[in-house]
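Data file: model_29.cif. Format and content: mmCIF, C-alpha atoms.
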```cif
data_protein
#
loop_
_atom_site.label_atom_id
_atom_site.label_comp_id
_atom_site.auth_asym_id
_atom_site.auth_seq_id
_atom_site.Cartn_x
_atom_site.Cartn_y
_atom_site.Cartn_z
CA MET A 1 36.99 -15.70 -29.81
CA ILE A 2 38.40 -14.35 -33.08
CA TRP A 3 40.65 -16.51 -35.24
CA GLY A 4 43.10 -15.08 -37.74
CA VAL A 5 43.91 -17.34 -40.68
CA ILE A 6 47.23 -16.39 -42.24
CA GLN A 7 47.18 -16.30 -46.01
CA PHE A 8 50.48 -16.59 -47.90
CA PRO A 9 50.98 -16.52 -51.64
CA GLY A 10 50.60 -20.23 -52.40
CA SER A 11 48.31 -21.10 -49.49
CA CYS A 12 45.45 -23.29 -50.64
CA ASP A 13 43.50 -24.45 -47.58
CA GLU A 14 42.81 -21.06 -46.06
CA ARG A 15 39.12 -20.97 -47.06
CA ASP A 16 38.33 -24.32 -45.44
CA ALA A 17 40.33 -23.19 -42.41
CA LEU A 18 38.32 -19.97 -42.21
CA GLN A 19 35.04 -21.90 -42.39
CA ALA A 20 36.18 -24.34 -39.71
CA CYS A 21 37.16 -21.47 -37.42
CA GLU A 22 33.77 -19.85 -38.01
CA LEU A 23 32.15 -22.92 -36.46
CA LEU A 24 34.01 -22.07 -33.25
CA GLY A 25 33.79 -18.29 -33.26
CA GLU A 26 34.63 -15.45 -35.57
CA ALA A 27 37.38 -15.67 -38.14
CA ARG A 28 39.18 -13.38 -40.52
CA MET A 29 41.83 -13.76 -43.15
CA VAL A 30 45.19 -12.09 -42.47
CA TRP A 31 47.44 -11.34 -45.46
CA HIS A 32 51.07 -12.39 -44.89
CA GLU A 33 52.34 -8.81 -45.17
CA GLU A 34 50.32 -7.67 -42.14
CA ARG A 35 52.55 -6.88 -39.17
CA ASP A 36 49.59 -6.72 -36.86
CA LEU A 37 47.02 -9.49 -36.59
CA GLY A 38 44.35 -6.96 -35.72
CA GLY A 39 43.49 -8.14 -32.24
CA VAL A 40 42.80 -11.79 -32.99
CA ASP A 41 42.71 -14.26 -30.09
CA ALA A 42 44.08 -17.25 -31.99
CA ALA A 43 46.01 -17.86 -35.20
CA LEU A 44 45.81 -20.61 -37.80
CA VAL A 45 48.64 -21.18 -40.27
CA PRO A 46 46.98 -23.11 -43.09
CA GLY A 47 48.09 -25.72 -45.60
CA GLY A 48 49.30 -25.18 -49.12
CA PHE A 49 52.61 -24.24 -50.67
CA SER A 50 53.56 -20.92 -49.09
CA TYR A 51 55.98 -18.98 -51.32
CA GLY A 52 56.02 -21.99 -53.63
CA ASP A 53 57.73 -24.06 -50.91
CA TYR A 54 60.97 -22.82 -52.48
CA LEU A 55 64.16 -23.90 -50.73
CA ARG A 56 62.32 -26.03 -48.12
CA ALA A 57 58.65 -26.22 -47.24
CA GLY A 58 57.87 -23.36 -44.86
CA ALA A 59 61.40 -21.93 -44.91
CA ILE A 60 60.58 -18.58 -46.47
CA ALA A 61 57.10 -18.12 -44.99
CA ARG A 62 58.54 -18.09 -41.49
CA PHE A 63 60.19 -14.72 -42.23
CA SER A 64 56.96 -13.00 -43.24
CA PRO A 65 55.71 -10.05 -41.15
CA ALA A 66 52.54 -11.97 -40.21
CA MET A 67 54.62 -14.85 -38.84
CA GLU A 68 56.49 -12.49 -36.55
CA ALA A 69 53.11 -11.48 -35.17
CA VAL A 70 52.12 -15.16 -34.85
CA ALA A 71 55.31 -15.81 -32.87
CA ARG A 72 54.41 -12.97 -30.47
CA LEU A 73 50.87 -14.36 -30.13
CA ALA A 74 52.29 -17.82 -29.40
CA ALA A 75 54.60 -16.38 -26.75
CA SER A 76 51.61 -14.75 -25.06
CA GLY A 77 50.00 -18.17 -24.59
CA ALA A 78 47.28 -17.76 -27.23
CA PRO A 79 46.25 -20.78 -29.34
CA VAL A 80 48.22 -21.23 -32.56
CA LEU A 81 47.42 -24.05 -34.96
CA GLY A 82 49.57 -25.04 -37.93
CA ILE A 83 48.14 -27.50 -40.40
CA CYS A 84 50.26 -29.32 -43.00
CA ASN A 85 52.32 -26.54 -44.64
CA GLY A 86 51.44 -24.49 -41.54
CA PHE A 87 53.03 -27.21 -39.39
CA GLN A 88 56.16 -27.01 -41.56
CA VAL A 89 56.20 -23.22 -41.11
CA LEU A 90 55.89 -23.48 -37.30
CA CYS A 91 58.76 -26.01 -37.18
CA GLU A 92 60.94 -23.83 -39.40
CA ALA A 93 60.13 -20.87 -37.13
CA GLY A 94 61.27 -22.85 -34.10
CA LEU A 95 57.84 -22.63 -32.46
CA LEU A 96 57.59 -26.43 -32.58
CA PRO A 97 60.29 -29.11 -32.33
CA GLY A 98 61.42 -31.26 -35.25
CA ALA A 99 61.22 -30.99 -39.01
CA LEU A 100 59.16 -32.42 -41.87
CA LEU A 101 60.95 -34.30 -44.61
CA ARG A 102 60.00 -35.79 -47.96
CA ASN A 103 57.66 -38.79 -47.55
CA GLU A 104 59.59 -42.03 -47.25
CA GLN A 105 58.01 -43.45 -50.43
CA LEU A 106 58.48 -40.13 -52.28
CA ARG A 107 54.81 -40.15 -53.25
CA PHE A 108 52.23 -37.53 -52.44
CA VAL A 109 49.70 -39.24 -50.15
CA HIS A 110 46.04 -38.30 -49.93
CA ARG A 111 43.69 -40.44 -47.92
CA GLN A 112 41.62 -40.63 -44.77
CA VAL A 113 43.70 -41.85 -41.79
CA GLU A 114 42.98 -42.85 -38.23
CA LEU A 115 44.77 -40.81 -35.59
CA VAL A 116 45.15 -41.58 -31.92
CA ASP A 117 45.40 -38.62 -29.58
CA ASP A 118 47.38 -38.49 -26.34
CA ARG A 119 44.33 -39.67 -24.40
CA GLY A 120 43.81 -42.70 -26.63
CA GLU A 121 40.87 -41.31 -28.57
CA ARG A 122 40.69 -42.27 -32.24
CA LEU A 123 39.91 -39.68 -34.88
CA SER A 124 39.33 -39.96 -38.62
CA ILE A 125 41.06 -37.11 -40.48
CA PRO A 126 42.35 -36.77 -44.06
CA VAL A 127 46.01 -36.32 -44.99
CA LYS A 128 47.35 -34.86 -48.27
CA HIS A 129 51.04 -34.09 -48.46
CA GLY A 130 54.35 -34.93 -50.08
CA GLU A 131 56.62 -33.72 -47.28
CA GLY A 132 55.07 -34.90 -44.06
CA ARG A 133 57.63 -37.26 -42.56
CA PHE A 134 58.10 -35.94 -39.04
CA TRP A 135 61.70 -36.25 -37.96
CA ALA A 136 63.71 -35.22 -34.92
CA PRO A 137 66.91 -36.59 -33.34
CA GLU A 138 66.26 -39.53 -30.98
CA GLU A 139 66.99 -37.50 -27.86
CA MET A 140 64.53 -34.81 -28.95
CA LEU A 141 61.89 -37.49 -29.63
CA ASP A 142 62.44 -38.91 -26.12
CA GLU A 143 62.13 -35.45 -24.67
CA ILE A 144 58.90 -34.48 -26.44
CA GLU A 145 57.37 -37.84 -25.54
CA ALA A 146 58.35 -37.39 -21.90
CA ASN A 147 56.87 -33.85 -21.92
CA GLY A 148 53.57 -35.03 -23.35
CA GLN A 149 54.14 -32.97 -26.51
CA VAL A 150 53.18 -35.76 -28.92
CA ALA A 151 49.58 -34.74 -29.51
CA TYR A 152 48.61 -37.14 -32.33
CA ARG A 153 49.99 -40.33 -33.79
CA TYR A 154 48.91 -42.28 -36.82
CA ALA A 155 47.04 -45.40 -35.68
CA PRO A 156 49.16 -48.59 -35.85
CA GLY A 157 49.82 -49.56 -39.48
CA GLN A 158 48.53 -46.25 -40.87
CA ASN A 159 51.68 -44.13 -40.91
CA PRO A 160 51.45 -42.69 -44.46
CA ASN A 161 54.89 -41.10 -44.73
CA GLY A 162 57.47 -42.82 -42.50
CA SER A 163 57.19 -40.33 -39.62
CA SER A 164 59.37 -41.11 -36.60
CA ARG A 165 57.40 -43.01 -33.94
CA ASP A 166 54.20 -42.57 -36.00
CA ILE A 167 54.02 -38.91 -34.95
CA ALA A 168 51.35 -36.92 -36.83
CA GLY A 169 51.21 -33.82 -34.64
CA VAL A 170 53.16 -32.14 -31.85
CA ARG A 171 52.55 -29.27 -29.48
CA ASN A 172 54.93 -26.91 -27.70
CA GLU A 173 55.75 -27.40 -24.04
CA ALA A 174 53.15 -24.86 -22.91
CA GLY A 175 50.47 -26.63 -24.95
CA ASN A 176 49.16 -23.56 -26.81
CA VAL A 177 50.92 -24.20 -30.14
CA LEU A 178 49.92 -27.28 -32.12
CA GLY A 179 51.08 -28.46 -35.51
CA LEU A 180 49.92 -31.51 -37.43
CA MET A 181 50.12 -32.91 -40.94
CA PRO A 182 46.51 -34.23 -41.15
CA HIS A 183 43.81 -31.70 -41.98
CA PRO A 184 41.23 -31.13 -39.22
CA GLU A 185 39.76 -28.21 -41.20
CA HIS A 186 38.62 -30.68 -43.89
CA ALA A 187 36.81 -32.80 -41.29
CA VAL A 188 34.26 -30.45 -39.71
CA ASP A 189 31.13 -31.19 -41.75
CA PRO A 190 29.24 -34.52 -42.00
CA LEU A 191 29.16 -33.92 -45.76
CA THR A 192 32.84 -34.88 -45.96
CA GLY A 193 32.47 -37.98 -43.79
CA SER A 194 33.94 -36.97 -40.44
CA THR A 195 33.57 -34.11 -38.00
CA ASP A 196 36.48 -35.29 -35.84
CA GLY A 197 38.49 -32.24 -36.90
CA LEU A 198 36.50 -30.13 -34.46
CA HIS A 199 37.84 -32.23 -31.56
CA ILE A 200 41.34 -31.16 -32.56
CA PHE A 201 40.42 -27.46 -32.54
CA ARG A 202 38.58 -27.78 -29.23
CA ARG A 203 41.36 -29.69 -27.54
CA LEU A 204 43.87 -27.00 -28.52
CA LEU A 205 41.56 -24.30 -27.14
CA ALA A 206 41.18 -26.24 -23.87
CA LEU A 207 44.95 -26.65 -23.48
CA ALA A 208 45.56 -22.98 -24.23
CA ASN A 209 42.80 -21.99 -21.79
CA ALA A 210 41.24 -19.87 -24.48
CA MET B 1 84.15 -6.39 -54.70
CA ALA B 2 81.61 -9.10 -53.95
CA THR B 3 82.77 -12.59 -53.08
CA ARG B 4 81.36 -15.42 -55.13
CA ALA B 5 80.51 -18.49 -53.11
CA ARG B 6 78.89 -21.83 -53.48
CA VAL B 7 76.91 -23.33 -50.62
CA LEU B 8 76.51 -27.10 -50.56
CA ILE B 9 73.62 -28.39 -48.47
CA ARG B 10 73.12 -32.07 -47.75
CA PRO B 11 70.86 -34.20 -45.56
CA LYS B 12 72.56 -35.00 -42.25
CA GLU B 13 74.21 -38.36 -41.80
CA GLY B 14 71.71 -40.95 -40.61
CA ILE B 15 68.61 -39.23 -41.99
CA LEU B 16 66.86 -41.33 -44.60
CA ASP B 17 67.18 -39.64 -47.99
CA PRO B 18 64.46 -41.16 -50.19
CA GLN B 19 65.59 -39.11 -53.20
CA GLY B 20 69.05 -40.63 -52.98
CA LYS B 21 67.52 -44.10 -52.60
CA ALA B 22 65.33 -43.59 -55.67
CA VAL B 23 68.33 -42.53 -57.74
CA GLU B 24 70.32 -45.50 -56.43
CA ARG B 25 67.56 -47.94 -57.34
CA ALA B 26 67.28 -46.56 -60.88
CA LEU B 27 70.97 -46.99 -61.69
CA PRO B 28 71.25 -50.77 -62.23
CA ALA B 29 68.52 -50.65 -64.90
CA LEU B 30 70.71 -48.19 -66.82
CA GLY B 31 73.74 -50.45 -66.56
CA PHE B 32 75.49 -48.60 -63.72
CA GLU B 33 76.46 -51.25 -61.18
CA GLY B 34 78.22 -50.78 -57.89
CA ILE B 35 76.94 -47.28 -57.04
CA GLU B 36 76.08 -46.98 -53.36
CA HIS B 37 75.18 -44.44 -50.67
CA VAL B 38 73.66 -41.87 -53.04
CA ARG B 39 72.59 -38.70 -51.21
CA VAL B 40 70.82 -35.83 -52.94
CA GLY B 41 71.33 -32.30 -51.62
CA ARG B 42 71.15 -28.75 -52.90
CA MET B 43 73.66 -26.26 -54.21
CA VAL B 44 73.23 -22.50 -53.98
CA GLU B 45 75.51 -20.05 -55.76
CA LEU B 46 75.60 -16.46 -54.64
CA GLU B 47 77.61 -13.27 -54.52
CA ALA B 48 78.07 -11.65 -51.12
CA GLU B 49 79.34 -8.19 -50.30
CA ASP B 50 80.02 -9.31 -46.74
CA PRO B 51 81.16 -12.95 -46.83
CA GLU B 52 81.62 -12.90 -43.04
CA ARG B 53 77.87 -13.28 -42.65
CA LEU B 54 77.49 -16.26 -44.96
CA ALA B 55 77.46 -18.87 -42.19
CA GLU B 56 74.73 -17.01 -40.35
CA LEU B 57 72.70 -16.76 -43.54
CA CYS B 58 73.09 -20.51 -44.08
CA GLU B 59 71.98 -21.33 -40.55
CA LYS B 60 68.98 -19.02 -40.73
CA LEU B 61 67.68 -19.70 -44.19
CA LEU B 62 69.62 -21.76 -46.73
CA ALA B 63 69.86 -24.84 -44.50
CA ASN B 64 67.83 -26.18 -41.62
CA PRO B 65 70.63 -27.11 -39.17
CA LEU B 66 68.43 -29.74 -37.51
CA ILE B 67 68.30 -31.87 -40.64
CA GLU B 68 70.98 -30.53 -43.00
CA ASP B 69 74.73 -29.86 -43.02
CA PHE B 70 76.13 -27.08 -45.13
CA GLU B 71 79.53 -26.21 -46.51
CA ILE B 72 80.56 -22.82 -47.88
CA VAL B 73 83.03 -22.86 -50.75
CA LYS B 74 84.42 -19.46 -51.68
CA LEU B 75 85.18 -19.19 -55.41
#
```
Give the structure from the file, written as structure tokens.
Amino acid sequence: MIWGVIQFPGSCDERDALQACELLGEARMVWHEERDLGGVDAALVPGGFSYGDYLRAGAIARFSPAMEAVARLAASGAPVLGICNGFQVLCEAGLLPGALLRNEQLRFVHRQVELVDDRGERLSIPVKHGEGRFWAPEEMLDEIEANGQVAYRYAPGQNPNGSSRDIAGVRNEAGNVLGLMPHPEHAVDPLTGSTDGLHIFRRLLALANA
Amino acid sequence: MATRARVLIRPKEGILDPQGKAVERALPALGFEGIEHVRVGRMVELEAEDPERLAELCEKLLANPLIEDFEIVKL
């Protein structure tokens, strides 16, 4: 299994993402201008401030050549993971439903949060973002809940940004594309307090049959 | 001859706009009473050779139609 980690100008979590992927297989960095992901089996769109987050977070990154390749990979059923800014990029690209808005309290939040996955398991993962308030129209929220696309929620009372229905991460209908605001790539080594991030990677791989 | 245009982009009705709220809350302290429903959006000015394609450009890039409304004002 080879992961490609997409690096945009303004990405800042790509090195941690690369290291996390290396715990699960091989990994290589892919510059945003690459039209071809070089035969990778999975793609990770990392956190940061791609293209300065100009206009809207993720709005410009979605038009990069590498993202066109990521969209093709996603359509083929391969695992695609978007973290934080990467989640914003996947939503802007239409690969995931919804949008991410400025945090309700306008403050950048950075702290460890408890997540609950769709099987009821609790995970401890850090968040760090200023625009992480997941939003979608009510009917879209009903639909993604009914389809089992709500992959992660903030545990009761821990919603850090005002996200609709405490949603922290969503997947596409097929289950092979996942986006979330919390950072599983920062929670893969006991040194940083939690290794629960690996569960998130592994669950995506299981759902994508990779 | 290029057409000059101004694109106004605003958060959709019903979506919480914390920037607008923050501005609204700051006003009374400055002596501005009675200001309500403040919404903060974005304004983009541009010159287009083919103004027919402006709406498409707005839908694809300048605005996210899920969360924002836009209005094109030709100058």
Pick from B:Arg6, B:His37, B:Lys12, B:Lys74, whichever lies nearest to chain A using only C-alpha atoms: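 Result for the nearest residue to chain A: B:Lys12.
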Chain and number of each residue from the PyMOL selection byres ((chain B) within 10 of (chain A)), as JSON, numbers by chain: {"B": [11, 14, 15, 16, 17, 18, 19, 21, 22, 42, 44, 60, 61, 62, 63, 64, 66, 67]}
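Nearest residue to Val70 in chain A, choosing from A:Ser194, A:Gln112, A:Ser50, A:Asn176 and counting all atoms listed in the file: A:Asn176.
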From B:Leu46, B:Leu54, B:Leu30, B:Ile72, residue lying nearest Ile9 in chain B [all atoms listed in the file]: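 Result for the nearest residue to Ile9 in chain B: B:Ile72.
The spacing separating CA of Tyr54 in chain A from CA of Glu36 in chain B amounts to 28.5 Å.
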Residues within 7 Å of Ala78 in chain A, please, as a JSON list (two decimals) with C-alpha atoms, keeping the file's coordinate frame. Count all atoms listed in the file; anything in the same chain fewer than 3 positions from it doesn't count.
```
[["chain", "number", "residue", "atom", "x", "y", "z"],
["A", 41, "ASP", "CA", 42.71, -14.26, -30.09],
["A", 42, "ALA", "CA", 44.08, -17.25, -31.99],
["A", 73, "LEU", "CA", 50.87, -14.36, -30.13],
["A", 74, "ALA", "CA", 52.29, -17.82, -29.40],
["A", 176, "ASN", "CA", 49.16, -23.56, -26.81],
["A", 208, "ALA", "CA", 45.56, -22.98, -24.23],
["A", 210, "ALA", "CA", 41.24, -19.87, -24.48]]
```
Gap from CA of Gly20 in chain B to CA of Gly169 in chain A - Å, one decimal: 26.5 Å
Atomic distance CA of Ile83 in chain A - CA of Pro182 in chain A, expressed in Å with one decimal: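 So the two atoms, CA of Ile83 in chain A and CA of Pro182 in chain A, lie 7.0 Å apart.
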Of the listed residues B:Pro28, B:Val38, B:Glu56, B:Glu49, that which approaches Glu13 in chain B most closely, counting all atoms listed in the file: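 Distance minimum relative to Glu13 in chain B lands on B:Val38.
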Selection near Arg165 in chain A, 10 Å with only C-alpha atoms, sequence-local residues under 4 positions removed, as a ChimeraX atom specification: /A:134-135,138,141,145,150,153-154,159
The PyMOL selection byres ((chain A and resi 158) around 12) applied to the shown file, residues as number ranges by chain: A: 109, 111-116, 124-127, 153-157, 159-163, 165-168
Result set, the PyMOL selection byres ((chain A and resi 118) around 9) on current file, as an NGL selection string: :A and (116-117 or 119-121 or 148-153)
Selection: 12 Å around range 189-192 of chain A, all atoms listed in the file, excl. self and same-chain fewer than 2 positions, as a PyMOL selection string: chain A and resi 16+19-20+23+112+124-126+184-187+194-198
